[in-house]
Each structure stands twice: as C-alpha cells, then as structure tokens.
Amino acid sequence: MLFRKLIGAISVAAALTMPALAQDKDLLATVKERGELVVGTEMQFPPFDFIENGKQVGFNADLFAEIGKELGVKVKFIDLPWSNVLPGLEAGKFDMVAGPNTLTAARLEKYYFNLPISGGAISIMKLAKNTGFTSAEDIEGRTFGAQRETVSATKIREVGEGKNITVRDYGDNNQAYADLVAGRLDGVVAQSTNLYYAAKLREGMFEVLQPAIGPMAWFSYVGRRDENSLALMKAIDEAILKVSKDGRMAEIQLKWFGVTMDLPETLPNPQM
Amino acid sequence: MLEFSGALNEFPLFLQGAWASILYAVGCLTLGFLLAVMICMARISTVRIASLSARVYINVIRATPLLVVLLIVFNILPFVGVELSPEASALLSLTVCTAGYQAEILRGGFAGVSQGQIEAGRITGMSEWQIFRHIKLPQAFRLTLPALINETTIMIKGTSLISTVGILELTRVAQNVGNSNFRPLEALLIAAALYWLMTTAMTIAGDALIHRYAREKQS
Amino acid sequence: MSFDPAIITDNLPQIVDGLRLTILLWLAGTITGMALGFMLALLQTSRLGPVRFLVRIYQSIFRGTPFLVQIFLLYYGGPMIGLLLNAETAGVLGLALYSAAYFTEIFRAGFGAVSVGQAEAGRICGLSEFQILCHIQLPQMMVTITPALVGMFIVMSKETAILSVMTVPEITAVLSGIGSATFTYVETLLTLVLCYWVLVGATTWIGSRVERHMQRHLLPENGKTA
C-alpha cells in the first residue's frame, strides 16, 4: 500500500522533471522546435511586469506577445526574485531575460543586449506629503530604498558617497514603495519609468524628484553571450526592430508609459 | 482597520498557491523518505565508507539553509552538468534537505526495532529484504512517526521559499495579491491562515495515526 | 566551473560585516527566544486552563506558519497597524517569536522529565517555588534538553538567511550582492555555504562541550556522552 503510493509519487516527480533547456544546440532551433520561448523575469516591476488578478500584465507581456508572433512561438515567463534572474540565465534556466536591464558597460561585457525597448534615468521618488525634501540633490543624511542588485542600488550609493546616507536593499520595487509609505524611507531610488508609473497609479501619494541622479540610459532584454544564443538574439533584435517600425511598439509604449519614445536601431554605447 | 474584501476576491489564487505548496511538500516528503531510508541504511551499515558518506551527507544538509540549497541547485548544478527545470530544481532541493533530516530520525527508529523480531524473521525463512520490508521498516516508521510528522510540517513551511527558483506557491501569491491591491497585511494573513490549516491538519492526522498504532499495539 | 578567490579577498571587509551581523542577530534573537520559551513553558505548568490554552495557541501559530511569512507580516504588515520597527529589530523579534514556540516545547519536555516527587520533596523541605525551579528542576532538565537546545540554535542560525528579504544586510544578502556585482555566482555561493558550515560546526562543537560539561557535573560515574 505504502509502496504503491511511493511509486505514484515518483511518477509525479518524473513528470515534473521535464528536461531543462538544452545549451549544446543552437538556441533558436531549440526554441522553434519546442514552440516556446522561455523568459526569466521578476514580476513585481510595474509597468514592465506585474500581476493583476493572478495574471501577468505590463509592457513585457504585450511586447513579448508580438515578439512571439514574429518568431512563431509561444512565450512562457518564469517569475523569480531579480537577484536570481541573471544567475538563472547563466545557469541556462531560460532562453533570455526580460526585466528589462539597464545597459551598462559592465553588463554588456557579460550579456548580449537586445535593441533597447525603453529608456530612463535613475531618479528618486518621495512621499508627496514630505515637503521638506524637494530636490534630488538634497540627500544628505537621508535613508533610501532600492531594489537589491540593480544599477539604482549601486548609483545611489555612488552619489551618496560621503553624504552620510543609508541605503536599504529590497527584493523588489513594490516592497520599497511599501516601505516608503510605511515611513521607513525618505525616498525610493529606481528608474524614472518605474517611478512615474508608481506615482501615476497612486495619485497624490508620491512625487518624483528632479533632477535625475543618473544619466539617461537604455533598457534592453538580454541573453547569453555564447555562440548558441547568437541566432536567437539576432532574431529577437529583428523582431523588436520590426515591431518598432510598424507602430506596434509605439502603441505598447503609449499604453504603459503614457508617452512614446524613439528607439535606436542599433545598440548604442552604454551611458553608464 | 483590516480590510479583507480585496484579498478575499482573489481567494481562488490563494487556493491554487496552497495546492502547489501541498504538491511540492507531498512530493519532497515521499521522495525524501525513500532517499532517507537509503541514507539511513548506509549510515548504520558496517561498511565504513558507506556509513562515513552518509554521516557527511547528513551533517552537510543540517548545516545548510534551504534557501542556499535552492540557490546551489538552481545556479551551480548546471555548471557541473546537472540541468534541471525550475520545478525539478525546487523538488530536488526540498528532497535532499528533508532526506537528511528524515535519515537521522529513522536511525533512531531502526535502533529501536528489537533484535528478537529480526531473528524470528530469519528463523521463519524470510529473506533480508523481506525482514527489512516487513519488520524493520514498518516498525522504524511507527516508532519515529511523531518526529516524521514534525518534519512534514517543517517541509510544508519550507515550500514558502521555492519562489526563489521561479515556482508560484502560496507565499508568492500573497505577495502578488498584496502588492496589486496595496494591502500586504491582509494577503499575508490569509496565506498564514492557510499554512496554519495545512500544518495543523497534518498534525491532527498524524496524531490520529499515532493513536491508531498505539491501539493496535494494545489489542 | 572556475573559482576566483580574488572575488572573496577583495570584498572581505563586507563579508566579515555580513557574517558579524548574522551572528549578532542570530544570538540576540535565539537567546531572547529561549528566555521567552522558558517563560511560556513555566506558564504552561500553570493550574489555570486558559493560560495553558493561550500558550498552546501561541505555539500552534508560530510553529504552524513559515518563518518567511512571519517576517513579511512583521516588517511589511506591521506598519499597517502602527508597528514600525527597523529591519534589524524586526529581525531579532521575528527570530525570538519563532524560536520561542519551539523552545517552549523543549522546556516543557524538560519539566516533564524531572519527577514530580522531587519537586514535592523540595516543597516539604521548605524550598520556595523559585528555589525548587533553580536548584531541582533546572539543573536536572538541562542534562536532558541540552542537545535539543543546541539543535534549535543550529536551526535558527540557518533561518537568519531569510532576514535578507527585509533589507537586513546579513551574510546571504551580502554574498548574493557581491555575486551580482561581479557576475561570480559560483564563488560567492560556495563561500556562503562555507560560512554556514563554519557557524553550524562551531555551534555543534560548543554544544557538545556544554553537553559533556553538564553530564560530567551531574553524573560523575557515567561520563559517556550520548
């Protein structure tokens, strides 16, 4: 009796153990064969990725739907903490990463950056009612929150060097926003695209401070830099270019950012 | 002050999350039990290398947080040629953890099986495997049931960490719901209540089983 | 798979800070939890039914829900009911509340192991309840429960890894951060594992010393350790 139950459980486990994504074959061919593009991302990242009524919504979901059409495959997203997304890419758990990632020289050395899909500048958001904090240059002695292991978390530390600031690292942006509301933080540091969306969503509660603390930078989806990934990455680039040129990109941008943005047709040099 | 209606509207999502947690808990506990029996056999065997490896395994598992095991299985195993999906990574991590603990629990159980019964089995012509299957294992299981039940509740709670490797389970659902309606407190309380129900149901069922075994022994 | 030790040596001060914070929060939280658990176990010997019931409820809640959820509730849920603790305080409190539920059970078993007759004998000799506790019950139960107490300290050392979710820069958060910044996940994760092994190894070693000490003191004719 017990034995039979165990056998049953093992077959369930075997069913769960679907083969991981093969890395020794051309990835584009594998993806087409599988009929599915597997994308790693972190879904507490509005407006790019978030959950509503149990479903993933946002810029990434819409744009990847179009990219999937271009490639002729379905898209499957895996949601995991950001700190584990890039390691997961290297470990071959998914074909590519959404995010998006801010284009930096250090990251470009390590990962293949697709054509940019958006851009922004690292900024500070504060509570609207906190009237004593009016400029992003007035950070002396304040406490900031940022998402763990992002360029924003690095940037605020750089900018705050010698200014006696405290930086706390959060698992995701939503946690940092929650803590800003709770009152543990003076400001949340993130990309302006995310911050303006959060401010718009909770009208009157937040305010994004000027000036931005980082340069204008591009955001991209990324993949591995190995030979097997190259054809897939080129195909994603082509799809992005096509979606940009025929106006679908502008539609998606308008829907989620409230504005459209001209995107470069080749990968620009990193601004950071 | 508390406003549950928003989170309760999403109650089916919580149930889906809880179901995933249950599946992973049941999966890892069953596979872990099988692995634990093998490790335990190695641990109490007279073959030095086997017992030493088992000891090392148990000590390593006891000294490593589940969160770190998850990260290693997910991020490092591929570099040594073990490629697993997120689902398999989660199940494997939970399994190797609970196996170490269950092996140590079972060791106490096997030690408690009386030598006389084993000899009686031998005299009646049972093979070593039959003695193991019909005498040693069932008794070790009964003797260690309270500790095994405790381990079961620990693993139900342990599933709260598997969203680290991309699995949608109860805790992640609570975070998602709490973030989308800006009321994390209520969403987390609902998740906590569901975990409590799962672990408490497990404890009650376990106690009933322990009592039944105790009654069987008396009659 | 390659291993570049420079990643670790270059970031050593940060790693040491993370480890120091881990140890600090772990000890503060677990020792507080042990004290709280002891008090709850005392309450559980109370003759008042409702008091015992409340202790049971406490144990059931804190043992029946994941530590991660408790931490989330304390840190992100707390402010909604006016409980605004900083991350480190919330961490210590979380570790204490969680471990207390388990420590209560350990102490309860300890009290149960000391025969009632001895406490009565003490009472007849005119010892106060406090004296009975300190001179009869505690010394005897410590012998039996020391392994379980050490076991709980080991369990809690690993639970500290979860504090990274509420911005506590403990060792898991620090090493994972270094891994991301330098793209060296293998080196940092292996170092992380090593940190926990050293921590648990040291605790086990100290625990066995304490255990031996307790037993030698009370059972001179039987110095063999379990």
# chains A, B, ... in the order shown; residues from 1 in each chain; ligands from 1
>>> interface_residues(of="chain C", to="chain A", cutoff="12 Å", atoms="only C-alpha atoms", output="PyMOL selection string")
chain C and resi 1+72+75-88+162-170+172-186+188-189
>>> closest_atom_pairs(of="chain B", to="chain A", cutoff="10 Å", atoms="only C-alpha atoms", output="tab-separated table")
residue	atom	partner	partner_atom	distance
B:Asn9	CA	A:Asn53	CA	9.0
B:Glu10	CA	A:Asn53	CA	6.8
B:Pro12	CA	A:Gly54	CA	9.4
B:Leu13	CA	A:Gly54	CA	6.5
B:Phe14	CA	A:Gly54	CA	9.6
B:Leu23	CA	A:Val12	CA	9.4
B:Tyr24	CA	A:Ala13	CA	9.2
B:Val26	CA	A:Ala9	CA	8.1
B:Gly27	CA	A:Ala9	CA	6.1
B:Cys28	CA	A:Ala13	CA	8.7
B:Leu29	CA	A:Ala9	CA	9.6
B:Thr30	CA	A:Leu6	CA	6.3
B:Leu31	CA	A:Ile10	CA	6.8
B:Phe33	CA	A:Leu6	CA	9.2
B:Leu34	CA	A:Leu6	CA	8.1
B:Leu71	CA	A:Asn84	CA	8.1
B:Val73	CA	A:Ala91	CA	9.9
B:Phe74	CA	A:Gly88	CA	7.0
B:Asn75	CA	A:Ala91	CA	5.4
B:Ile76	CA	A:Ala91	CA	7.0
B:Leu77	CA	A:Ala91	CA	8.1
B:Pro78	CA	A:Ala91	CA	5.6
B:Phe79	CA	A:Ala91	CA	7.0
B:Val82	CA	A:Ala20	CA	9.1
B:Glu83	CA	A:Ala20	CA	5.4
B:Leu84	CA	A:Ala20	CA	4.8
B:Ser85	CA	A:Ala20	CA	4.6
B:Pro86	CA	A:Lys93	CA	7.0
B:Glu87	CA	A:Leu16	CA	6.2
B:Ala88	CA	A:Thr17	CA	4.8
B:Ser89	CA	A:Thr17	CA	8.4
B:Leu91	CA	A:Ala13	CA	7.8
B:Leu92	CA	A:Ala13	CA	9.4
B:Arg133	CA	A:Phe3	CA	9.8
B:Pro138	CA	A:Leu2	CA	9.9
B:Ile162	CA	A:Leu80	CA	9.3
B:Ser163	CA	A:Leu80	CA	6.2
B:Thr164	CA	A:Leu80	CA	5.6
B:Val165	CA	A:Leu80	CA	5.9
B:Gly166	CA	A:Leu80	CA	4.4
B:Ile167	CA	A:Asp79	CA	7.4
B:Leu168	CA	A:Asp79	CA	7.8
B:Arg172	CA	A:Leu80	CA	9.5
B:Val173	CA	A:Gly54	CA	7.9
B:Gln175	CA	A:Gln44	CA	9.0
B:Asn176	CA	A:Ile51	CA	6.1
B:Val177	CA	A:Gly54	CA	7.6
B:Gly178	CA	A:Asn174	CA	9.7
B:Asn179	CA	A:Asn174	CA	6.5
B:Ser180	CA	A:Glu52	CA	6.2
B:Asn181	CA	A:Glu52	CA	9.0
B:Phe182	CA	A:Ala178	CA	7.8
B:Arg183	CA	A:Ala178	CA	9.2
B:Pro184	CA	A:Ala178	CA	8.6
>>> interface_residues(of="chain B", to="chain C", cutoff="8 Å", atoms="only C-alpha atoms", output="number ranges by chain")
B: 1, 60, 63-65, 67-68, 71-72, 75-76, 79-80, 153, 157-158, 160-161, 171, 184-186, 188-189, 191-193, 195-197, 199-200
>>> atom_distance(atom1="atom CA of C:Val114", atom2="atom CA of C:Gly37")
17.9 Å
>>> residues_around(residues="B:Cys97", least_positions_apart="3", cutoff="7 Å", atoms="only C-alpha atoms", output="NGL selection string")
:B and (61 or 66 or 93-94 or 100-101)
>>> write_last_selection(atoms="C-alpha atoms", output="short mmCIF file (atom, residue, chain, number, x, y, z; two decimals), in the first residue's frame")
data_model
loop_
_atom_site.label_atom_id
_atom_site.label_comp_id
_atom_site.auth_asym_id
_atom_site.auth_seq_id
_atom_site.Cartn_x
_atom_site.Cartn_y
_atom_site.Cartn_z
CA ILE B 61 22.41 19.09 4.94
CA LEU B 66 17.22 25.50 2.49
CA SER B 93 16.28 20.93 -3.18
CA LEU B 94 13.40 20.18 -0.85
CA GLY B 100 18.99 14.32 5.56
CA TYR B 101 16.66 15.05 8.46
#
>>> residues_around(residues="C:Arg108", least_positions_apart="5", cutoff="8 Å", atoms="only C-alpha atoms", output="list in words")
Ala41, Leu42 and Gln44 of chain C
>>> select_by_dssp(residues="stretch 19-181 of chain B", states="alpha helix (DSSP H)", output="JSON, numbers by chain")
{"B": [19, 20, 21, 22, 23, 24, 25, 26, 27, 28, 29, 30, 31, 32, 33, 34, 35, 36, 37, 38, 39, 40, 41, 42, 43, 44, 48, 49, 50, 51, 52, 53, 54, 55, 56, 57, 58, 59, 60, 61, 62, 66, 67, 68, 69, 70, 71, 72, 73, 74, 75, 86, 87, 88, 89, 90, 91, 92, 93, 94, 95, 96, 97, 98, 99, 100, 101, 102, 103, 104, 105, 106, 107, 108, 109, 110, 111, 115, 116, 117, 118, 119, 120, 121, 122, 123, 128, 129, 130, 131, 137, 138, 139, 140, 141, 142, 143, 145, 146, 147, 148, 149, 150, 151, 152, 153, 154, 155, 156, 157, 158, 170, 171, 172, 173, 174, 175, 176, 177, 178, 179, 180]}
>>> write_last_selection(atoms="C-alpha atoms", output="tab-separated table (two decimals), in the first residue's frame")
chain	number	residue	atom	x	y	z
B	19	TRP	CA	-2.29	23.48	-3.80
B	20	ALA	CA	1.15	24.00	-5.36
B	21	SER	CA	2.66	24.13	-1.87
B	22	ILE	CA	0.92	20.88	-0.95
B	23	LEU	CA	2.11	19.16	-4.14
B	24	TYR	CA	5.72	20.11	-3.54
B	25	ALA	CA	5.50	19.17	0.14
B	26	VAL	CA	3.99	15.76	-0.61
B	27	GLY	CA	6.45	15.17	-3.45
B	28	CYS	CA	9.55	16.03	-1.47
B	29	LEU	CA	8.43	14.19	1.64
B	30	THR	CA	7.75	10.97	-0.24
B	31	LEU	CA	10.90	11.09	-2.35
B	32	GLY	CA	12.79	12.29	0.71
B	33	PHE	CA	11.55	9.32	2.71
B	34	LEU	CA	12.82	6.88	0.07
B	35	LEU	CA	16.18	8.63	-0.07
B	36	ALA	CA	16.28	8.82	3.72
B	37	VAL	CA	15.77	5.06	4.06
B	38	MET	CA	18.75	4.51	1.77
B	39	ILE	CA	20.91	7.06	3.57
B	40	CYS	CA	19.90	5.61	6.90
B	41	MET	CA	20.80	2.09	5.74
B	42	ALA	CA	24.19	3.39	4.68
B	43	ARG	CA	24.58	5.26	7.95
B	44	ILE	CA	24.02	2.16	10.11
B	48	ARG	CA	32.86	2.19	6.73
B	49	ILE	CA	32.84	4.16	3.53
B	50	ALA	CA	29.04	3.93	3.29
B	51	SER	CA	28.45	5.00	6.86
B	52	LEU	CA	31.00	7.79	6.58
B	53	SER	CA	29.43	9.17	3.37
B	54	ALA	CA	26.00	9.06	4.96
B	55	ARG	CA	27.30	10.93	8.00
B	56	VAL	CA	28.89	13.58	5.82
B	57	TYR	CA	25.65	13.94	3.84
B	58	ILE	CA	23.53	14.35	6.96
B	59	ASN	CA	25.91	16.86	8.52
B	60	VAL	CA	26.19	18.89	5.33
B	61	ILE	CA	22.41	19.09	4.94
B	62	ARG	CA	21.90	20.01	8.57
B	66	LEU	CA	17.22	25.50	2.49
B	67	LEU	CA	17.40	28.89	0.76
B	68	VAL	CA	21.08	28.27	0.00
B	69	VAL	CA	20.41	24.70	-1.16
B	70	LEU	CA	17.84	26.13	-3.60
B	71	LEU	CA	20.34	28.65	-4.93
B	72	ILE	CA	23.03	25.99	-5.37
B	73	VAL	CA	20.77	23.51	-7.14
B	74	PHE	CA	19.38	26.25	-9.37
B	75	ASN	CA	22.55	28.19	-10.12
B	86	PRO	CA	12.78	25.24	-12.10
B	87	GLU	CA	10.16	22.70	-10.98
B	88	ALA	CA	12.71	19.90	-10.73
B	89	SER	CA	15.20	22.23	-9.01
B	90	ALA	CA	12.64	23.08	-6.34
B	91	LEU	CA	11.64	19.47	-5.81
B	92	LEU	CA	15.24	18.25	-5.70
B	93	SER	CA	16.28	20.93	-3.18
B	94	LEU	CA	13.40	20.18	-0.85
B	95	THR	CA	14.01	16.44	-1.22
B	96	VAL	CA	17.74	16.45	-0.45
B	97	CYS	CA	17.05	18.61	2.60
B	98	THR	CA	14.28	16.57	4.13
B	99	ALA	CA	16.10	13.30	3.32
B	100	GLY	CA	18.99	14.32	5.56
B	101	TYR	CA	16.66	15.05	8.46
B	102	GLN	CA	14.46	12.02	7.90
B	103	ALA	CA	17.51	9.74	7.73
B	104	GLU	CA	18.62	10.95	11.13
B	105	ILE	CA	15.09	10.48	12.51
B	106	LEU	CA	14.80	6.96	11.07
B	107	ARG	CA	18.18	5.97	12.52
B	108	GLY	CA	16.65	6.24	15.96
B	109	GLY	CA	13.71	4.14	14.76
B	110	PHE	CA	15.79	1.32	13.34
B	111	ALA	CA	17.79	1.23	16.55
B	115	GLN	CA	16.77	-7.92	17.69
B	116	GLY	CA	14.47	-10.80	18.67
B	117	GLN	CA	11.94	-9.92	15.98
B	118	ILE	CA	14.61	-9.79	13.33
B	119	GLU	CA	15.88	-13.20	14.41
B	120	ALA	CA	12.33	-14.53	14.43
B	121	GLY	CA	12.02	-13.34	10.86
B	122	ARG	CA	15.22	-15.12	9.91
B	123	ILE	CA	14.07	-18.36	11.54
B	128	GLU	CA	16.95	-9.99	4.41
B	129	TRP	CA	14.86	-7.83	2.07
B	130	GLN	CA	11.61	-9.26	3.48
B	131	ILE	CA	12.82	-8.67	7.01
B	137	LEU	CA	10.86	-0.51	8.06
B	138	PRO	CA	7.23	-0.55	9.33
B	139	GLN	CA	8.40	-0.54	12.92
B	140	ALA	CA	11.00	2.15	12.45
B	141	PHE	CA	8.28	4.17	10.73
B	142	ARG	CA	5.86	3.74	13.63
B	143	LEU	CA	8.46	4.44	16.27
B	145	LEU	CA	6.11	8.83	13.47
B	146	PRO	CA	5.89	11.86	15.80
B	147	ALA	CA	9.25	13.16	14.57
B	148	LEU	CA	8.32	12.44	10.96
B	149	ILE	CA	5.06	14.37	11.35
B	150	ASN	CA	7.05	17.29	12.71
B	151	GLU	CA	9.35	17.08	9.70
B	152	THR	CA	6.28	17.11	7.46
B	153	THR	CA	5.10	20.42	8.90
B	154	ILE	CA	8.62	21.82	8.56
B	155	MET	CA	8.65	20.96	4.86
B	156	ILE	CA	5.17	22.39	4.27
B	157	LYS	CA	6.59	25.63	5.63
B	158	GLY	CA	9.78	25.10	3.65
B	170	LEU	CA	1.24	30.34	-1.61
B	171	THR	CA	3.66	32.95	-0.25
B	172	ARG	CA	4.34	34.35	-3.72
B	173	VAL	CA	0.60	34.54	-4.37
B	174	ALA	CA	0.19	36.52	-1.15
B	175	GLN	CA	2.92	38.93	-2.23
B	176	ASN	CA	1.38	39.33	-5.66
B	177	VAL	CA	-2.11	39.97	-4.31
B	178	GLY	CA	-0.85	42.23	-1.53
B	179	ASN	CA	1.10	44.32	-4.00
B	180	SER	CA	-1.65	44.64	-6.54
